[in-house]
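Shown next: target_3.pdb, given as PDB, C-alpha atoms and all ligand atoms.
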MODEL        1
ATOM      1  CA  MET Z   1     120.747  75.818  74.841
ATOM      2  CA  SER Z   2     119.097  74.632  78.029
ATOM      3  CA  ILE Z   3     117.946  77.030  80.695
ATOM      4  CA  LEU Z   4     116.396  76.156  84.038
ATOM      5  CA  ILE Z   5     114.675  78.867  86.058
ATOM      6  CA  THR Z   6     114.322  77.887  89.716
ATOM      7  CA  TYR Z   7     112.373  80.108  92.093
ATOM      8  CA  ALA Z   8     110.513  80.347  95.373
ATOM      9  CA  GLY Z   9     108.171  82.959  96.803
ATOM     10  CA  ASN Z  10     105.679  83.230  99.633
ATOM     11  CA  ASN Z  11     102.878  84.996  97.800
ATOM     12  CA  SER Z  12     102.629  85.599  94.036
ATOM     13  CA  THR Z  13     105.172  88.198  92.871
ATOM     14  CA  THR Z  14     108.153  85.932  92.367
ATOM     15  CA  ALA Z  15     105.965  83.478  90.429
ATOM     16  CA  GLU Z  16     104.640  86.325  88.262
ATOM     17  CA  CYS Z  17     108.144  87.672  87.526
ATOM     18  CA  THR Z  18     109.392  84.149  86.815
ATOM     19  CA  LYS Z  19     106.634  83.628  84.245
ATOM     20  CA  LEU Z  20     107.512  86.918  82.531
ATOM     21  CA  LEU Z  21     111.213  85.992  82.458
ATOM     22  CA  SER Z  22     110.534  82.493  81.094
ATOM     23  CA  GLU Z  23     108.433  83.978  78.268
ATOM     24  CA  LYS Z  24     111.499  85.984  77.243
ATOM     25  CA  LEU Z  25     113.732  82.885  77.297
ATOM     26  CA  PRO Z  26     112.232  80.485  74.738
ATOM     27  CA  GLY Z  27     112.535  76.809  75.683
ATOM     28  CA  SER Z  28     113.433  77.533  79.305
ATOM     29  CA  HIS Z  29     112.125  75.213  81.995
ATOM     30  CA  VAL Z  30     110.662  76.519  85.244
ATOM     31  CA  VAL Z  31     110.720  74.796  88.633
ATOM     32  CA  ASN Z  32     109.061  76.034  91.809
ATOM     33  CA  LEU Z  33     111.548  75.037  94.528
ATOM     34  CA  THR Z  34     108.813  74.903  97.164
ATOM     35  CA  LYS Z  35     107.377  71.932  95.250
ATOM     36  CA  GLU Z  36     110.323  70.205  93.539
ATOM     37  CA  SER Z  37     114.073  69.649  93.916
ATOM     38  CA  PRO Z  38     115.307  69.571  90.326
ATOM     39  CA  ASP Z  39     118.257  67.654  88.915
ATOM     40  CA  ILE Z  40     120.275  70.460  87.344
ATOM     41  CA  SER Z  41     123.000  68.339  85.738
ATOM     42  CA  SER Z  42     121.636  68.484  82.167
ATOM     43  CA  TYR Z  43     121.193  72.286  82.011
ATOM     44  CA  ASP Z  44     123.766  74.848  80.786
ATOM     45  CA  THR Z  45     122.243  77.813  82.595
ATOM     46  CA  ILE Z  46     120.593  77.913  85.997
ATOM     47  CA  ILE Z  47     118.663  81.007  87.060
ATOM     48  CA  ILE Z  48     117.770  81.351  90.739
ATOM     49  CA  GLY Z  49     114.989  83.659  91.928
ATOM     50  CA  SER Z  50     113.711  84.375  95.415
ATOM     51  CA  CYS Z  51     111.420  86.665  97.341
ATOM     52  CA  ILE Z  52     112.805  88.477 100.386
ATOM     53  CA  ARG Z  53     111.162  88.173 103.762
ATOM     54  CA  PHE Z  54     112.667  89.753 106.863
ATOM     55  CA  ASN Z  55     115.951  90.244 104.965
ATOM     56  CA  ASN Z  56     116.165  86.588 103.982
ATOM     57  CA  ILE Z  57     115.666  84.611 100.786
ATOM     58  CA  HIS Z  58     113.188  81.719 100.784
ATOM     59  CA  SER Z  59     114.346  78.637 102.717
ATOM     60  CA  SER Z  60     113.767  76.425  99.625
ATOM     61  CA  VAL Z  61     116.291  78.559  97.739
ATOM     62  CA  VAL Z  62     118.778  78.287 100.612
ATOM     63  CA  ASN Z  63     118.458  74.484 100.522
ATOM     64  CA  PHE Z  64     118.681  74.342  96.728
ATOM     65  CA  ILE Z  65     121.930  76.330  96.721
ATOM     66  CA  ARG Z  66     123.375  74.338  99.607
ATOM     67  CA  ASN Z  67     122.626  71.022  97.884
ATOM     68  CA  ASN Z  68     123.847  72.077  94.428
ATOM     69  CA  LEU Z  69     126.627  74.601  94.997
ATOM     70  CA  GLU Z  70     129.409  72.499  93.489
ATOM     71  CA  LEU Z  71     127.456  71.870  90.286
ATOM     72  CA  LEU Z  72     126.216  75.457  90.144
ATOM     73  CA  MET Z  73     129.843  76.613  90.041
ATOM     74  CA  GLU Z  74     130.258  74.714  86.741
ATOM     75  CA  LYS Z  75     127.189  76.308  85.094
ATOM     76  CA  ASP Z  76     126.237  79.737  83.820
ATOM     77  CA  THR Z  77     124.196  81.198  86.642
ATOM     78  CA  ALA Z  78     121.960  84.220  87.196
ATOM     79  CA  ILE Z  79     120.170  85.500  90.288
ATOM     80  CA  TYR Z  80     117.104  87.686  90.840
ATOM     81  CA  LEU Z  81     115.282  88.980  93.872
ATOM     82  CA  CYS Z  82     111.724  90.173  94.422
ATOM     83  CA  CYS Z  83     111.453  92.524  97.380
ATOM     84  CA  GLY Z  84     109.662  95.554  98.734
ATOM     85  CA  PHE Z  85     112.825  97.600  99.274
ATOM     86  CA  PRO Z  86     114.878  97.306  96.065
ATOM     87  CA  GLU Z  87     117.381  99.853  97.369
ATOM     88  CA  LYS Z  88     118.498  97.167  99.823
ATOM     89  CA  ALA Z  89     118.974  94.500  97.127
ATOM     90  CA  ASN Z  90     122.777  94.507  97.339
ATOM     91  CA  GLN Z  91     122.599  94.020 101.079
ATOM     92  CA  TYR Z  92     120.196  91.065 100.633
ATOM     93  CA  LEU Z  93     122.428  89.505  97.974
ATOM     94  CA  LEU Z  94     125.586  89.698 100.094
ATOM     95  CA  HIS Z  95     123.764  88.432 103.165
ATOM     96  CA  ASN Z  96     122.061  85.462 101.466
ATOM     97  CA  PHE Z  97     124.194  84.109  98.607
ATOM     98  CA  PRO Z  98     127.683  82.564  98.657
ATOM     99  CA  LYS Z  99     130.157  85.181  97.414
ATOM    100  CA  LYS Z 100     131.631  82.778  94.866
ATOM    101  CA  LEU Z 101     128.178  82.268  93.336
ATOM    102  CA  LEU Z 102     127.549  86.026  93.152
ATOM    103  CA  ASP Z 103     131.001  86.611  91.616
ATOM    104  CA  LYS Z 104     130.489  84.124  88.788
ATOM    105  CA  SER Z 105     126.865  84.951  87.921
ATOM    106  CA  ILE Z 106     126.354  86.458  84.461
ATOM    107  CA  SER Z 107     123.355  88.516  85.556
ATOM    108  CA  ILE Z 108     122.091  89.682  88.947
ATOM    109  CA  GLN Z 109     118.882  91.715  89.091
ATOM    110  CA  CYS Z 110     116.271  92.977  91.476
ATOM    111  CA  PHE Z 111     112.849  92.641  89.833
ATOM    112  CA  GLY Z 112     111.201  94.920  92.396
ATOM    113  CA  GLY Z 113     108.160  93.521  94.157
ATOM    114  CA  LYS Z 114     104.701  94.312  95.349
ATOM    115  CA  LEU Z 115     103.536  95.897  98.556
ATOM    116  CA  ARG Z 116     100.029  96.588  97.326
ATOM    117  CA  VAL Z 117      99.045  92.924  97.586
ATOM    118  CA  LYS Z 118      96.787  91.039  99.956
ATOM    119  CA  PRO Z 119      98.996  88.143 101.064
ATOM    120  CA  HIS Z 120      97.569  84.672 101.765
ATOM    121  CA  LYS Z 121      98.420  84.602 105.468
ATOM    122  CA  LEU Z 122      96.963  86.890 108.143
ATOM    123  CA  PHE Z 123     100.423  87.492 109.639
ATOM    124  CA  ASP Z 124     101.736  88.621 106.238
ATOM    125  CA  GLN Z 125      98.702  90.890 105.800
ATOM    126  CA  LEU Z 126      99.532  92.622 109.095
ATOM    127  CA  ILE Z 127     103.168  93.162 108.101
ATOM    128  CA  ILE Z 128     102.180  94.496 104.670
ATOM    129  CA  LYS Z 129      99.620  96.850 106.248
ATOM    130  CA  THR Z 130     102.256  98.230 108.649
ATOM    131  CA  VAL Z 131     104.729  98.720 105.818
ATOM    132  CA  GLN Z 132     102.022 100.402 103.695
ATOM    133  CA  LYS Z 133     101.239 102.780 106.563
ATOM    134  CA  ASN Z 134     104.911 103.765 106.806
ATOM    135  CA  PHE Z 135     105.057 104.331 103.059
ATOM    136  CA  LYS Z 136     102.026 106.622 103.302
ATOM    137  CA  MET Z 137     103.507 108.564 106.228
ATOM    138  CA  GLU Z 138     106.741 109.060 104.297
ATOM    139  CA  ASN Z 139     104.817 109.940 101.108
ATOM    140  CA  ARG Z 140     106.774 107.198  99.408
ATOM    141  CA  GLU Z 141     105.753 105.474  96.166
ATOM    142  CA  TYR Z 142     104.899 101.774  96.452
ATOM    143  CA  THR Z 143     107.386  99.361  94.995
ATOM    144  CA  GLU Z 144     106.181  97.680  91.818
ATOM    145  CA  ILE Z 145     107.545  95.055  89.470
ATOM    146  CA  ASP Z 146     110.496  96.411  87.516
ATOM    147  CA  TYR Z 147     109.791  95.068  84.022
ATOM    148  CA  GLU Z 148     112.969  96.583  82.602
ATOM    149  CA  SER Z 149     115.188  94.522  84.904
ATOM    150  CA  ILE Z 150     113.405  91.349  83.740
ATOM    151  CA  GLN Z 151     114.201  92.314  80.146
ATOM    152  CA  THR Z 152     117.792  93.116  81.148
ATOM    153  CA  MET Z 153     118.278  89.650  82.598
ATOM    154  CA  ALA Z 154     116.823  87.991  79.481
ATOM    155  CA  SER Z 155     119.138  90.107  77.301
ATOM    156  CA  ASP Z 156     122.158  89.222  79.497
ATOM    157  CA  ILE Z 157     121.414  85.513  79.163
ATOM    158  CA  LEU Z 158     120.405  85.118  75.523
ATOM    159  CA  PRO Z 159     123.692  86.285  73.904
ATOM    160  CA  SER Z 160     125.703  83.879  76.071
ATOM    161  CA  LYS Z 161     123.607  81.008  74.622
ATOM    162  CA  LYS Z 162     124.342  81.728  70.926
TER     163      LYS Z 162
HETATM  164  C1  LIG Z 201     106.060  89.095 106.068
HETATM  165  C2  LIG Z 201     106.791  89.874 105.009
HETATM  166  C3  LIG Z 201     108.111  90.270 105.216
HETATM  167  C4  LIG Z 201     108.788  91.000 104.246
HETATM  168  N1  LIG Z 201     110.099  91.370 104.468
HETATM  169  C5  LIG Z 201     110.752  92.111 103.521
HETATM  170  C6  LIG Z 201     112.110  92.518 103.742
HETATM  171  O1  LIG Z 201     112.737  92.219 104.752
HETATM  172  N2  LIG Z 201     112.686  93.271 102.778
HETATM  173  C7  LIG Z 201     112.064  93.631 101.614
HETATM  174  O2  LIG Z 201     112.669  94.312 100.779
HETATM  175  N3  LIG Z 201     110.787  93.238 101.366
HETATM  176  C8  LIG Z 201     110.123  92.479 102.289
HETATM  177  N4  LIG Z 201     108.826  92.084 102.068
HETATM  178  C9  LIG Z 201     108.184  92.438 100.779
HETATM  179  C10 LIG Z 201     108.239  91.248  99.817
HETATM  180  O3  LIG Z 201     109.555  90.907  99.498
HETATM  181  C11 LIG Z 201     107.459  91.622  98.540
HETATM  182  O4  LIG Z 201     106.079  91.745  98.892
HETATM  183  C12 LIG Z 201     107.625  90.583  97.440
HETATM  184  O5  LIG Z 201     106.886  91.052  96.326
HETATM  185  C13 LIG Z 201     107.167  89.210  97.903
HETATM  186  O6  LIG Z 201     107.320  88.242  96.898
HETATM  187  P1  LIG Z 201     106.286  86.983  96.849
HETATM  188  O7  LIG Z 201     104.920  87.589  96.504
HETATM  189  O8  LIG Z 201     106.792  86.103  95.754
HETATM  190  O9  LIG Z 201     106.323  86.333  98.182
HETATM  191  C14 LIG Z 201     108.133  91.355 103.019
HETATM  192  C15 LIG Z 201     106.804  90.950 102.819
HETATM  193  C16 LIG Z 201     106.135  90.217 103.796
HETATM  194  C17 LIG Z 201     104.709  89.771 103.530
ENDMDL
END
As structure tokens, how would this structure be written, given the file I've shared?
Amino acid sequence: MSILITYAGNNSTTAECTKLLSEKLPGSHVVNLTKESPDISSYDTIIIGSCIRFNNIHSSVVNFIRNNLELLMEKDTAIYLCCGFPEKANQYLLHNFPKKLLDKSISIQCFGGKLRVKPHKLFDQLIIKTVQKNFKMENREYTEIDYESIQTMASDILPSKK
């Protein structure tokens, strides 16, 4: 069984969720797509994770899929998102991923996200502050990491590897 988890995020949530997922998938390898372009040929299962920013997945994930789509179609695949508005996850998936990749994936999850963070960049801090204000005005609960969906993905993947 060989599992590669590829991911990209702008701040820290996607990295945190990726670490939690990898701990549930013994022997899995993790690659941060903002730093490396992995050779996926030797893996059976490729998991792709991305943060959402202004409705879009990370550009490193876009490039990874574009460069590997043919090979990805021959593998077991799974997809997860980290975002502040999980109720829009389906919309983000359809907008950002090739339909044929979505259709063949054995697990697709939204791992939630964090809006109570202090992002690295000033611009991001301003956006997060505005979003937080709106949440307060609407008396809405902040989005948090959805640990159950991380477990669900691990459980979806492990049986297919036996
Ligand atoms: C500049 C900016 C834009 C964002 N745009 C969206 C968005 O369009 N939809 C959404 O659901 N969440 C959005 N978010 C929330 C992020 O997806 C959420 O904070 C997530 O946890 C980020 O993952 P990361 O920490 O790995 O970058 C945005 C956050 C920032 C800072």
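CA of Leu122 in chain Z is found 21.3 Å from CA of Glu16 in chain Z.
Each of Z:Phe54, Z:Tyr43, Z:Phe97, Z:Phe111 was compared to ligand LIG 201 (chain Z) using all atoms listed in the file, and Z:Phe54 turns out to be the nearest.
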Got a sec to check which residues lie within 10 Å of ligand LIG 201 (chain Z), using all atoms listed in the file, and send them as an MDAnalysis selection string?
chainID Z and resid 7:18 49:58 81:89 91:92 111:129 131 143:145
One residue among Z:Ser42, Z:Ser22, Z:Thr6, Z:Gln132 is nearest to Leu158 in chain Z when using only C-alpha atoms, and that residue is Z:Ser22
Choose the residue, out of Z:Leu93, Z:Val62, Z:Ser149, Z:Ile3, that has the smallest atom-to-atom separation from Asp76 in chain Z; count only C-alpha atoms.
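Checking each candidate against Asp76 in chain Z, we get Z:Ile3 as the closest.
When only C-alpha atoms are used to measure the gap to Ala154 in chain Z, the shortest distance among Z:Asn90, Z:Thr45, Z:Thr130, Z:Thr34 belongs to Z:Thr45.
Selection check: the PyMOL selection byres (((chain Z and resi 37-41) around 9) and not hetatm) on the shown file gives Z:Leu4, Z:Thr6, Z:Val31, Z:Asn32, Z:Leu33, Z:Thr34, Z:Lys35, Z:Glu36, Z:Ser42, Z:Tyr43, Z:Asp44, Z:Thr45, Z:Ile46, Z:Ser60, Z:Phe64, Z:Asn68, Z:Leu71, Z:Leu72.
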Go through Z:Arg140, Z:Lys19, Z:Lys24, Z:Lys104 and flag the residue nearest Lys75 in chain Z, using all atoms listed in the file for the distances.
Z:Lys104
To one decimal place in Å, what is the distance between CA of Leu101 in chain Z and CA of Glu70 in chain Z?
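Going from CA of Leu101 in chain Z over to CA of Glu70 in chain Z covers 9.8 Å.
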Out of Z:Ile5, Z:Met73, Z:Cys110, Z:Ile79, which residue has the shortest atom-to-atom distance to Pro26 in chain Z when counting all atoms listed in the file?
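Closest candidate: Z:Ile5.
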Here CA of Ile157 in chain Z and CA of Ser105 in chain Z stand apart by 10.3 Å
